[in-house]
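First comes the structure, then the notes that go with it.
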2 protein chains.
Amino acid sequence: MGIRSLLNPRSIAIVGASDKIGPGFNAWNALKHVGYEGKVYLVNPNKPDLLGQKAYPSLRDIDGEVDAVFIAVKAESVLEVATQAVEKRAGALAILSSGFGDAGDAGLVLQQELSQFAQANDLAVCGPNCLGLLNFSGRSALFGTSLPDSVKRGGIAAVVQSGSIGIALLNSGRGLGLSHLVTSGNEAVTATADYLEAFVDDPAVSTVIVFAEQIRKPQKFIAVAARAAAATKPVIVLKSGRSERGRAAVMAHTGAVAGSVEACDAALRDAGVIQVFTLDELIETAALVSQIRTKPRARKVAALSLSGGEIALAVDAAEENGVVFAAVGPAQAGLQSLLPPFAHISNPLDLTWAGLYDPKVAEGCARALADLDDVGTMVLLQDAPTGLGAQQAARYSGLLKAVATGVQAAGKPLVAVSNLSDEPHPELARVARETGVPYLRGTREGLFAIARYAAQRPPRERPPSDPRERAAALERWDRLQGNPMPAEHEARAVLESYGIRGPEERFVHTPDEAAAAARVIGFPVVLKAIVAGVVHKSDAGLVKLRLASEESVRDAAAKMAKPNLGFLVQKMITPIAELLVGARVDPDFGPLVVVGAGGVNVELYKDVSVSTAPISEPDALAALTSTRIARTLDGWRGAARGDTKAAARTIAALSRFIADFADDFQEVELNPLAVLEEGNGCLALDCVIVPRGK
Amino acid sequence: MGIRSLLNPRSIAIVGASDKIGPGFNAWNALKHVGYEGKVYLVNPNKPDLLGQKAYPSLRDIDGEVDAVFIAVKAESVLEVATQAVEKRAGALAILSSGFGDAGDAGLVLQQELSQFAQANDLAVCGPNCLGLLNFSGRSALFGTSLPDSVKRGGIAAVVQSGSIGIALLNSGRGLGLSHLVTSGNEAVTATADYLEAFVDDPAVSTVIVFAEQIRKPQKFIAVAARAAAATKPVIVLKSGRSERGRAAVMAHTGAVAGSVEACDAALRDAGVIQVFTLDELIETAALVSQIRTKPRARKVAALSLSGGEIALAVDAAEENGVVFAAVGPAQAGLQSLLPPFAHISNPLDLTWAGLYDPKVAEGCARALADLDDVGTMVLLQDAPTGLGAQQAARYSGLLKAVATGVQAAGKPLVAVSNLSDEPHPELARVARETGVPYLRGTREGLFAIARYAAQRPPRERPPSDPRERAAALERWDRLQGNPMPAEHEARAVLESYGIRGPEERFVHTPDEAAAAARVIGFPVVLKAIVAGVVHKSDAGLVKLRLASEESVRDAAAKMAKPNLGFLVQKMITPIAELLVGARVDPDFGPLVVVGAGGVNVELYKDVSVSTAPISEPDALAALTSTRIARTLDGWRGAARGDTKAAARTIAALSRFIADFADDFQEVELNPLAVLEEGNGCLALDCVIVPRGK
């Protein structure tokens, strides 16, 4: 109910209304600007009338219904106004006032009071510490800053935590078509996730763009974003705070390589969200996906240009952003017949002067490339700066028309990209509008947006949980009760319930027993001393590799740190590659699974892929394959191929385990997971389980 | 002489002059546009007069002196015109015609003829396949495309290989102040290096920007660029062709990680060139360094903003680009006294509303940060989109003025950055102009440019060659004559002349000799079989590690591939870390030295630093420290510190070797170089020398 009152209020009271420039005055103007048709009440204790209508001393004095209240008073007075609003049965407040969570400890206390009050009274609240919101499609506003003369309307709903980003979007010459602009501020009550939920069901909204400094109500955000993506409403998120600073210390490696930033990235990606990293990328991507609503039929791209220089820069930007150009293949002969004999036939294609001077050549070439089965998106690369001479602008717009005609005949989308972030020449912009072609700005940002458009995916499906696995693990875990930090072999025993295997091993208590165990297992062996609380055994000198005789096992065991809980004797394994496979429960985004390079490389290169758990085996294989270390499993430098399928099975198993036990464990790690030759499986050479609260 | 005729011709003939839109007509207009004062001759065989003056049937018919000739005729006719130009003693040609190196094999032949003809006759040539050139400061033009009504003049000389990039620069709303624009096209004769040479000595030029698809005359380019940097004329280079495709196969690892792209990057960096990667970065960086001509007095940066959201995005972009924000330190108290009590004092600093409404607060905060000793550059972050309301624009420009006043009082430069690539609001642009503050566009591009400005360096100095090292290596090399591909121990012997050491080793011929050698060296040992022509011994199964007894050495030797040239028995070394140290001679940029992670990581992570050789020991240490693997030498995870100084000594030694023998060897590699504990030096565990022509 509250959010409806916020986004579509039946009536509005402006507390702090004024006829002087300032929030109260701007709020009144904003309502005129959007054409609000509901009743507007002005509240000002010092004036009986204002702006040509009656003003009320307080909310209490208003005789009619008040659905939403615009508040721009001092922070200390906000709760009193909120109390009156509840008396008037208002459903929503837009609180512009700063001095809450943004203002030290005292402000934080005030914000908590506000938050509790709003929840108790079922109030939706925009802010505090924001500029309010605009609903262009539904014609309402609770907005306290001046507006440009005209704002382009369209299907894009924007939710931004920062007012200055809101101002940038609203006033940008880029001209995104907006349905809503919400500046959500401190999100003391109503969060981006709540607005997003409303937009998923709003037919006026085709695309949602989000700028967030912190994603509040993260589980709801991810669930709603996935619903939006499934409903083919693209959600584009710019999340700040990627800096290395301030990452939490963690016990195992998983947390170091899959911290809060990586958790957020994985959760967004798996929910089908399009993530961007700069404001310009946000705008270009939104311009593209809001204008071309159909998904591309194929993943690859073909591009046309008049310039080798432009093509060279586009090829670099394409590689940087993961745009894949299709092979010319079957289009070769057709293109050759259209272009001069010296033309170099490739994709991107240089149309040469022939393409500029003869529209039929450009149209034919565009058609030939667009007809390729594996091309889903066509691109025209142009140098289209604002100040282009009229002569050139006319030629370039003729080219754009011809290419659009050819591409449209093939039934595929065309995107134009200017090689500069300049506003494209007005004539080109006009032709682009008329032909329905998005005109993106800047080679890098343009190809970034095209890559995101071409790679749009539905939210990832989750494999079901297997209650038998869970029960088996629980039983083994219960046997360890009383041990707050299980030893390697104990952890392995629990994980075996999910099909995770280790090397042949014996747990023994004396050097002599260790020597005997080694004889049974067969040489060479690995000897490990188990010491309570020590997770990184190698660093602590508690691991000896490649012991080749009983005598060396006995000697090594005798020398190892005492007191210890016993010795683990394991068969020495020489794998194709060693991976890190880990899982942890992120406080915001829940269970995650991580795969990547093990050993020293984990922290040095962060060559990992992070996914939300649980994950299916095919998705686990894709995650593994996306790492660089996976290349060493692929017959690297003459070595045998590794058992990647078994590795994927193990990754998926660990992801089910962490998802099943998200309340019980905070981190689980197989490091290394030894991947053997194809067909021989893989073995967890070390296992760590960190229960919650450790 | 030729280049003077090209850039500052005393008189010009336009071959292909016309009164109809096209190159010949545009060339005439371009001369009017720049205000050319020399004599202009029109050549057109079909018209006795044109554009209000006499026209000549051919160059031969002109009665006066012709210094430069503008040529826009068919490729086939170009050489005939060139011949006539030489008869007229012209010094330069601007050839717009395509159909040369850009047009297949036949065109390439034509281009070679042109090139030879021009060289024989001392002709400078712009093009072919270009748009010609403009000299705004010297008021001349040989330019065949239409111009915008006005082009902003200034100290930036642009040399671009691609006409479309030239059009983008010329017509961009960004308004760089240009002194010259050269579209150099195929560079059949006169190359970017030649133009750059002319600009270094031209007082009208303060900054040179280059777009190159291929750097021709690379050695000259690097030498001239270094001269420009030393003369504090920044040279900014955008070089396309960074894509992975088309890298050459090489024998050792060095070439795989230090290919032509990395060679070019290293050569540009070491020459003091500022390298950029997109056209927008080129423009923003040029806007900054052309406007602020003094170098920053310190490396770090301080920034001000009104928005937490803006700051969050700027912090991310700063980390991405290597901008380092100074600690607030001694400014803390001063800032606290100026801002409201709840304000969070940090850098970047959120000025809060207090900074917006009271110019004295903004000025004081700016001054306090600018006064910090380690701050060299001040930044104001704003949301300044084109369509900003008048009310906000007025406030924001007031803020800009106040901040500029505070920063100028501290005698440091201020840069404003708009959070969008939009053209900033005209009022802000005006105030920025008046206060001499560059207004950059887009948070990412802006911070990229600031990082490059803050990190400007003079060209790197080269250590001198030591003739004794060279003579000693030569003598040892001569002893190996007849062996086209020296074995590991032979290569090591040569490199020892430069102070490069290996582990204790013996070269023997039989398994029994190997066992005896191992006993003398002490166990464990490494056994290697030397087989003619095999470089990657491990991959070929010719290396056995950790052999711990005479018996195991004898057995292993007996089993190794035959025929072999003998066995190398080496002391088994357990280092702190293993590096790759390699060197090669790039055909374009000359000798290079490479340091980075050895083993499988070389190719997997390309964690290397490439420098031009020779390199000093301090520079070698900096190169090493810039790699990630260097962290493992720094007391990583409780291990001892590695002897980084010895590693730097070895890198510098190998760089001197490759520089001394650039004509004799194409690749040299120490892989791995074992770095021992601090004070114990480092040892080349394997050595490869690839003579030229291998």
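We name chains A, B, ... following the order of the structure tokens; residues begin at 1 in each chain, and ligands are numbered from 1 as shown.
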
Quiz item: So which residues touch region 276-283 of chain A within 7 Å, counting only C-alpha atoms, skipping near sequence neighbours fewer than 5 positions away, as number ranges by chain?
Solution: A: 236-238, 445, 449; B: 420-421, 444

Determine, using only C-alpha atoms, which residues of region 190-232 of chain A have any atom at most 10 Å from an atom of region 158-177 of chain A, and tabulate each with its shortest atom pair and distance in Å to one decimal place, rows ordered by chain and then rising number, as CSV.
residue,atom,partner,partner_atom,distance
A:Ala191,CA,A:Gln161,CA,9.2
A:Thr192,CA,A:Val159,CA,6.5
A:Ala193,CA,A:Val159,CA,9.5
A:Tyr195,CA,A:Val159,CA,7.5
A:Leu196,CA,A:Val159,CA,8.0
A:Phe199,CA,A:Ala158,CA,9.8
A:Val205,CA,A:Ala158,CA,9.9
A:Thr207,CA,A:Ala158,CA,8.5
A:Val208,CA,A:Ala158,CA,5.8
A:Ile209,CA,A:Ala158,CA,4.7
A:Val210,CA,A:Val159,CA,4.9
A:Phe211,CA,A:Val160,CA,4.5
A:Ala212,CA,A:Gln161,CA,5.4
A:Glu213,CA,A:Gln161,CA,6.7
A:Gln214,CA,A:Gln161,CA,8.5
A:Ile215,CA,A:Gln161,CA,9.6

Neighbouring residues of region 558-561 of chain A were defined as those with any atom within 8 Å, considering only C-alpha atoms; residues of the same chain fewer than 4 positions away were excluded. Please report them as an mmCIF file with C-alpha atoms, in the first residue's frame.
data_model
loop_
_atom_site.group_PDB
_atom_site.id
_atom_site.type_symbol
_atom_site.label_atom_id
_atom_site.label_comp_id
_atom_site.auth_asym_id
_atom_site.auth_seq_id
_atom_site.Cartn_x
_atom_site.Cartn_y
_atom_site.Cartn_z
ATOM 1 C CA PRO A 511 55.048 -41.664 14.419
ATOM 2 C CA ALA A 529 50.037 -33.047 11.797
ATOM 3 C CA GLY A 541 55.141 -26.277 8.876
ATOM 4 C CA LEU A 542 52.690 -29.106 9.585
ATOM 5 C CA ARG A 554 58.553 -41.721 11.209
#

Quiz item: If we count only C-alpha atoms, what is near Ser137 (chain B) at a cut-off of 8 Å, once residues fewer than 6 positions away on the same chain are taken out, given as a list in words?
Solution: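 Residues meeting the cut-off are Arg153, Gly154, Ser179, His180 and Ala204 of chain B.
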
Export C-alpha atoms of the chosen residues as a CSV table (one decimal), in the first residue's frame?
chain,number,residue,atom,x,y,z
B,153,ARG,CA,43.0,27.4,-32.2
B,154,GLY,CA,45.6,26.5,-29.6
B,179,SER,CA,47.8,24.4,-34.0
B,180,HIS,CA,47.9,21.6,-36.6
B,204,ALA,CA,53.5,27.3,-31.6

Quiz item: Do you know which residues are at most 6 Å from region 650-655 of chain B counting only C-alpha atoms, after dropping those on the same chain fewer than 6 positions away, and could you put them as an NGL selection string?
Solution: :B and (498 or 500 or 593 or 613-617 or 620)

Quiz item: Distance CA of Gln119 (chain B)-CA of Pro218 (chain B), one decimal place?
Solution: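 One can read the CA of Gln119 (chain B) to CA of Pro218 (chain B) distance as 18.2 Å.
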
Exercise. Excluding region 253-263 of chain B and residues on its chain fewer than 6 positions from it, collect all residues at most 10 Å away from it, counting only C-alpha atoms, and give them as a ChimeraX atom specification.
Key: /B:239-244,247,269,536,580-596,598-599,602-612,666-671

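When only C-alpha atoms are used to compute distances to chain B, the closest of the residues A:Phe221, A:Phe448, A:Phe342, A:Phe657 turns out to be A:Phe342.
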